Amino acid sequence: MVHPSEWRGTIISWSCLMYCSLTVCLFLVFFPILFFSVHPNVSQGCQGGCATCSDYNGCLSCKPRLFFVLERIGMKQIGVCLSSCPSGYYGTRYPDINKCAKCKADCDTCFTRNFCTKCKSGFYLYSGKCLEKCPDGLEANNHTMECTSIVHCETSEWSPWSPCMKKGKTCGFKRGNEVRVREIVQHPSARGNPCPATTESRKCIVQRKRCQKEGKGKKNREEKRKKSNKDESKETRQESKGRAARRQNREQRENNNKTQPKKRKAPNKEQDLAPVDTAH
């Protein structure tokens, strides 16, 4: 037999308070055994977390640590036992029963009836309440659906002024421009003050100086070395050509010298022969 204390809270929280008169409620509280003895539909062999149940009304009481909640099906309500309360309900624990109660109409989930944790569409959460419009000094965050503080833009300090330049150079001019910058460290919210300019420039005057044609970098040294090698190879080729031309000229002169004596001896032979002819 079920102890009367197990029935008292359930009957009052559901059947009695919703459907019964005060006289019937008192009867159910003080004489539960007599009531169930004349109602054979009440069973203790229930499923789904129910400790006791009815074929018509579902769960009447729950097993330990489970929450009792009424669910509407058509025109009637039945009792069910759950490990946690569904969305739109909050749980309360009592010595004799754990039950789920509804949140406020504008609240989707809540911790207690007066403290909401998530609002329904069209409302913004602020300090546990759901508001259609956020208070002054706050703004509506449509992403989190909460009233949040207004955030203004914040920037870092200005950097030092850059060297005076003109067309990317620091030489070859007298009047140029110098620049300084700063970074955004905090972007503003929807109603916050916008960010100011992050770049600033001003005119500057410097003593004109000539730009060096050749720098003193590694790249310039390599280019200079390549150019020197190229010049040397060009000079070497020219010297080789000169030596070849001189050698060719020398050989040609030698050949000419060898052929010239032969031409000179021919007239001498004729001169030697001529006196002989006259002697006869």
# chains A, B, ... in the order shown; residues from 1 in each chain; ligands from 1
>>> residues_around(residues="A:Tyr124", least_positions_apart="6", cutoff="8 Å", atoms="only C-alpha atoms", output="PDB file with all heavy atoms, in the first residue's frame")
ATOM      1  N   CYS A 130      12.320  40.287 -19.908  1.00  0.00           N
ATOM      2  CA  CYS A 130      12.192  40.399 -21.359  1.00  0.00           C
ATOM      3  C   CYS A 130      11.496  41.723 -21.691  1.00  0.00           C
ATOM      4  O   CYS A 130      10.356  41.968 -21.261  1.00  0.00           O
ATOM      5  CB  CYS A 130      11.393  39.223 -21.922  1.00  0.00           C
ATOM      6  SG  CYS A 130      12.233  37.639 -21.711  1.00  0.00           S
ATOM      7  N   LEU A 131      12.201  42.572 -22.445  1.00  0.00           N
ATOM      8  CA  LEU A 131      11.716  43.905 -22.755  1.00  0.00           C
ATOM      9  C   LEU A 131      11.568  44.075 -24.258  1.00  0.00           C
ATOM     10  O   LEU A 131      12.355  43.525 -25.035  1.00  0.00           O
ATOM     11  CB  LEU A 131      12.676  44.962 -22.209  1.00  0.00           C
ATOM     12  CG  LEU A 131      13.059  44.848 -20.725  1.00  0.00           C
ATOM     13  CD1 LEU A 131      14.116  45.890 -20.388  1.00  0.00           C
ATOM     14  CD2 LEU A 131      11.835  45.002 -19.844  1.00  0.00           C
ATOM     15  N   GLU A 132      10.574  44.863 -24.662  1.00  0.00           N
ATOM     16  CA  GLU A 132      10.405  45.180 -26.072  1.00  0.00           C
ATOM     17  C   GLU A 132      11.399  46.247 -26.518  1.00  0.00           C
ATOM     18  O   GLU A 132      11.786  46.299 -27.686  1.00  0.00           O
ATOM     19  CB  GLU A 132       8.982  45.663 -26.342  1.00  0.00           C
ATOM     20  CG  GLU A 132       7.917  44.592 -26.140  1.00  0.00           C
ATOM     21  CD  GLU A 132       6.538  45.086 -26.504  1.00  0.00           C
ATOM     22  OE1 GLU A 132       6.431  46.240 -26.992  1.00  0.00           O
ATOM     23  OE2 GLU A 132       5.569  44.333 -26.317  1.00  0.00           O
ATOM     24  N   LYS A 133      11.844  47.105 -25.584  1.00  0.00           N
ATOM     25  CA  LYS A 133      12.781  48.183 -25.884  1.00  0.00           C
ATOM     26  C   LYS A 133      13.790  48.273 -24.751  1.00  0.00           C
ATOM     27  O   LYS A 133      13.434  48.217 -23.582  1.00  0.00           O
ATOM     28  CB  LYS A 133      12.029  49.511 -26.036  1.00  0.00           C
ATOM     29  CG  LYS A 133      12.903  50.671 -26.449  1.00  0.00           C
ATOM     30  CD  LYS A 133      12.079  51.935 -26.597  1.00  0.00           C
ATOM     31  CE  LYS A 133      12.949  53.125 -26.990  1.00  0.00           C
ATOM     32  NZ  LYS A 133      12.149  54.366 -27.095  1.00  0.00           N
ATOM     33  N   CYS A 134      15.056  48.424 -25.122  1.00  0.00           N
ATOM     34  CA  CYS A 134      16.108  48.492 -24.107  1.00  0.00           C
ATOM     35  C   CYS A 134      16.086  49.832 -23.380  1.00  0.00           C
ATOM     36  O   CYS A 134      15.711  50.861 -23.962  1.00  0.00           O
ATOM     37  CB  CYS A 134      17.471  48.277 -24.758  1.00  0.00           C
ATOM     38  SG  CYS A 134      17.713  46.613 -25.411  1.00  0.00           S
ATOM     39  N   ALA A 140      20.038  47.401 -28.287  1.00  0.00           N
ATOM     40  CA  ALA A 140      19.553  46.050 -28.554  1.00  0.00           C
ATOM     41  C   ALA A 140      20.540  45.310 -29.447  1.00  0.00           C
ATOM     42  O   ALA A 140      20.897  45.791 -30.521  1.00  0.00           O
ATOM     43  CB  ALA A 140      18.177  46.110 -29.218  1.00  0.00           C
ATOM     44  N   ASN A 141      20.978  44.163 -28.977  1.00  0.00           N
ATOM     45  CA  ASN A 141      21.859  43.303 -29.763  1.00  0.00           C
ATOM     46  C   ASN A 141      20.992  42.242 -30.440  1.00  0.00           C
ATOM     47  O   ASN A 141      20.490  41.320 -29.794  1.00  0.00           O
ATOM     48  CB  ASN A 141      22.910  42.648 -28.859  1.00  0.00           C
ATOM     49  CG  ASN A 141      23.973  41.908 -29.635  1.00  0.00           C
ATOM     50  OD1 ASN A 141      23.697  41.298 -30.664  1.00  0.00           O
ATOM     51  ND2 ASN A 141      25.189  41.942 -29.139  1.00  0.00           N
ATOM     52  N   MET A 145      20.066  38.906 -28.796  1.00  0.00           N
ATOM     53  CA  MET A 145      18.739  39.303 -28.303  1.00  0.00           C
ATOM     54  C   MET A 145      18.819  39.728 -26.836  1.00  0.00           C
ATOM     55  O   MET A 145      18.017  39.341 -26.000  1.00  0.00           O
ATOM     56  CB  MET A 145      17.726  38.169 -28.483  1.00  0.00           C
ATOM     57  CG  MET A 145      17.509  37.752 -29.923  1.00  0.00           C
ATOM     58  SD  MET A 145      17.031  39.137 -31.003  1.00  0.00           S
ATOM     59  CE  MET A 145      15.431  39.561 -30.338  1.00  0.00           C
ATOM     60  N   GLU A 146      19.831  40.551 -26.552  1.00  0.00           N
ATOM     61  CA  GLU A 146      20.014  41.078 -25.208  1.00  0.00           C
ATOM     62  C   GLU A 146      20.245  42.576 -25.279  1.00  0.00           C
ATOM     63  O   GLU A 146      20.622  43.116 -26.327  1.00  0.00           O
ATOM     64  CB  GLU A 146      21.215  40.412 -24.518  1.00  0.00           C
ATOM     65  CG  GLU A 146      21.073  38.923 -24.297  1.00  0.00           C
ATOM     66  CD  GLU A 146      22.302  38.323 -23.648  1.00  0.00           C
ATOM     67  OE1 GLU A 146      23.268  39.078 -23.428  1.00  0.00           O
ATOM     68  OE2 GLU A 146      22.304  37.116 -23.368  1.00  0.00           O
ATOM     69  N   CYS A 147      20.024  43.257 -24.163  1.00  0.00           N
ATOM     70  CA  CYS A 147      20.346  44.675 -24.043  1.00  0.00           C
ATOM     71  C   CYS A 147      21.771  44.786 -23.517  1.00  0.00           C
ATOM     72  O   CYS A 147      22.082  44.295 -22.421  1.00  0.00           O
ATOM     73  CB  CYS A 147      19.376  45.364 -23.079  1.00  0.00           C
ATOM     74  SG  CYS A 147      17.668  45.425 -23.675  1.00  0.00           S
TER      75      CYS A 147
END
>>> closest_atom_pairs(of="stretch 78-115 of chain A", to="stretch 44-58 of chain A", cutoff="9 Å", atoms="only C-alpha atoms", output="tab-separated table")
residue	atom	partner	partner_atom	distance
A:Ile78	CA	A:Asn57	CA	4.8
A:Gly79	CA	A:Gly58	CA	5.0
A:Val80	CA	A:Gly58	CA	6.6
A:Cys81	CA	A:Gly49	CA	5.5
A:Leu82	CA	A:Gly49	CA	7.2
A:Ser83	CA	A:Gly49	CA	8.7
>>> closest_residue(among="A:Lys104, A:Arg202, A:His152, A:Arg250", to="A:Cys164", atoms="only C-alpha atoms")
A:Arg202
>>> select_by_dssp(residues="stretch 95-232 of chain A", states="helix (DSSP H, G or I)", output="PyMOL selection string")
chain A and resi 218-232
>>> write_last_selection(atoms="N, CA, C and O atoms", output="PDB file, in the first residue's frame")
ATOM      1  N   LYS A 218      74.390  45.006 -50.774  1.00  0.00           N
ATOM      2  CA  LYS A 218      74.926  43.772 -51.322  1.00  0.00           C
ATOM      3  C   LYS A 218      74.524  43.601 -52.769  1.00  0.00           C
ATOM      4  O   LYS A 218      75.309  43.151 -53.611  1.00  0.00           O
ATOM      5  N   LYS A 219      73.297  43.983 -53.060  1.00  0.00           N
ATOM      6  CA  LYS A 219      72.804  43.869 -54.427  1.00  0.00           C
ATOM      7  C   LYS A 219      73.621  44.751 -55.368  1.00  0.00           C
ATOM      8  O   LYS A 219      73.982  44.342 -56.479  1.00  0.00           O
ATOM      9  N   ASN A 220      73.913  45.963 -54.905  1.00  0.00           N
ATOM     10  CA  ASN A 220      74.683  46.878 -55.748  1.00  0.00           C
ATOM     11  C   ASN A 220      76.105  46.368 -55.963  1.00  0.00           C
ATOM     12  O   ASN A 220      76.675  46.501 -57.051  1.00  0.00           O
ATOM     13  N   ARG A 221      76.699  45.769 -54.908  1.00  0.00           N
ATOM     14  CA  ARG A 221      78.040  45.229 -55.058  1.00  0.00           C
ATOM     15  C   ARG A 221      78.066  44.089 -56.065  1.00  0.00           C
ATOM     16  O   ARG A 221      78.981  43.976 -56.879  1.00  0.00           O
ATOM     17  N   GLU A 222      77.037  43.247 -55.990  1.00  0.00           N
ATOM     18  CA  GLU A 222      76.983  42.144 -56.948  1.00  0.00           C
ATOM     19  C   GLU A 222      76.797  42.647 -58.368  1.00  0.00           C
ATOM     20  O   GLU A 222      77.427  42.141 -59.304  1.00  0.00           O
ATOM     21  N   GLU A 223      75.932  43.658 -58.523  1.00  0.00           N
ATOM     22  CA  GLU A 223      75.732  44.209 -59.857  1.00  0.00           C
ATOM     23  C   GLU A 223      77.023  44.852 -60.382  1.00  0.00           C
ATOM     24  O   GLU A 223      77.372  44.722 -61.564  1.00  0.00           O
ATOM     25  N   LYS A 224      77.725  45.535 -59.491  1.00  0.00           N
ATOM     26  CA  LYS A 224      78.980  46.169 -59.898  1.00  0.00           C
ATOM     27  C   LYS A 224      80.021  45.123 -60.287  1.00  0.00           C
ATOM     28  O   LYS A 224      80.773  45.281 -61.260  1.00  0.00           O
ATOM     29  N   ARG A 225      80.069  44.028 -59.510  1.00  0.00           N
ATOM     30  CA  ARG A 225      81.020  42.968 -59.826  1.00  0.00           C
ATOM     31  C   ARG A 225      80.694  42.319 -61.170  1.00  0.00           C
ATOM     32  O   ARG A 225      81.584  42.050 -61.985  1.00  0.00           O
ATOM     33  N   LYS A 226      79.405  42.082 -61.428  1.00  0.00           N
ATOM     34  CA  LYS A 226      79.007  41.515 -62.708  1.00  0.00           C
ATOM     35  C   LYS A 226      79.368  42.440 -63.865  1.00  0.00           C
ATOM     36  O   LYS A 226      79.844  41.995 -64.913  1.00  0.00           O
ATOM     37  N   LYS A 227      79.142  43.726 -63.643  1.00  0.00           N
ATOM     38  CA  LYS A 227      79.469  44.692 -64.692  1.00  0.00           C
ATOM     39  C   LYS A 227      80.970  44.726 -64.954  1.00  0.00           C
ATOM     40  O   LYS A 227      81.442  44.788 -66.088  1.00  0.00           O
ATOM     41  N   SER A 228      81.760  44.646 -63.853  1.00  0.00           N
ATOM     42  CA  SER A 228      83.212  44.649 -63.990  1.00  0.00           C
ATOM     43  C   SER A 228      83.684  43.411 -64.742  1.00  0.00           C
ATOM     44  O   SER A 228      84.544  43.484 -65.624  1.00  0.00           O
ATOM     45  N   ASN A 229      83.119  42.259 -64.391  1.00  0.00           N
ATOM     46  CA  ASN A 229      83.478  41.019 -65.090  1.00  0.00           C
ATOM     47  C   ASN A 229      83.116  41.096 -66.565  1.00  0.00           C
ATOM     48  O   ASN A 229      83.853  40.608 -67.432  1.00  0.00           O
ATOM     49  N   LYS A 230      81.957  41.704 -66.815  1.00  0.00           N
ATOM     50  CA  LYS A 230      81.521  41.850 -68.202  1.00  0.00           C
ATOM     51  C   LYS A 230      82.489  42.743 -68.980  1.00  0.00           C
ATOM     52  O   LYS A 230      82.872  42.447 -70.121  1.00  0.00           O
ATOM     53  N   ASP A 231      82.914  43.848 -68.335  1.00  0.00           N
ATOM     54  CA  ASP A 231      83.850  44.756 -69.000  1.00  0.00           C
ATOM     55  C   ASP A 231      85.194  44.065 -69.240  1.00  0.00           C
ATOM     56  O   ASP A 231      85.823  44.218 -70.292  1.00  0.00           O
ATOM     57  N   GLU A 232      85.626  43.296 -68.208  1.00  0.00           N
ATOM     58  CA  GLU A 232      86.900  42.596 -68.347  1.00  0.00           C
ATOM     59  C   GLU A 232      86.855  41.574 -69.470  1.00  0.00           C
ATOM     60  O   GLU A 232      87.786  41.435 -70.259  1.00  0.00           O
TER      61      GLU A 232
END
>>> select_by_dssp(residues="stretch 97-198 of chain A", states="strand (DSSP E)", output="PyMOL selection string")
chain A and resi 98-102+107-112+115-119+124-126+129-131+138-141+146-149+154-155+175-181+184-186
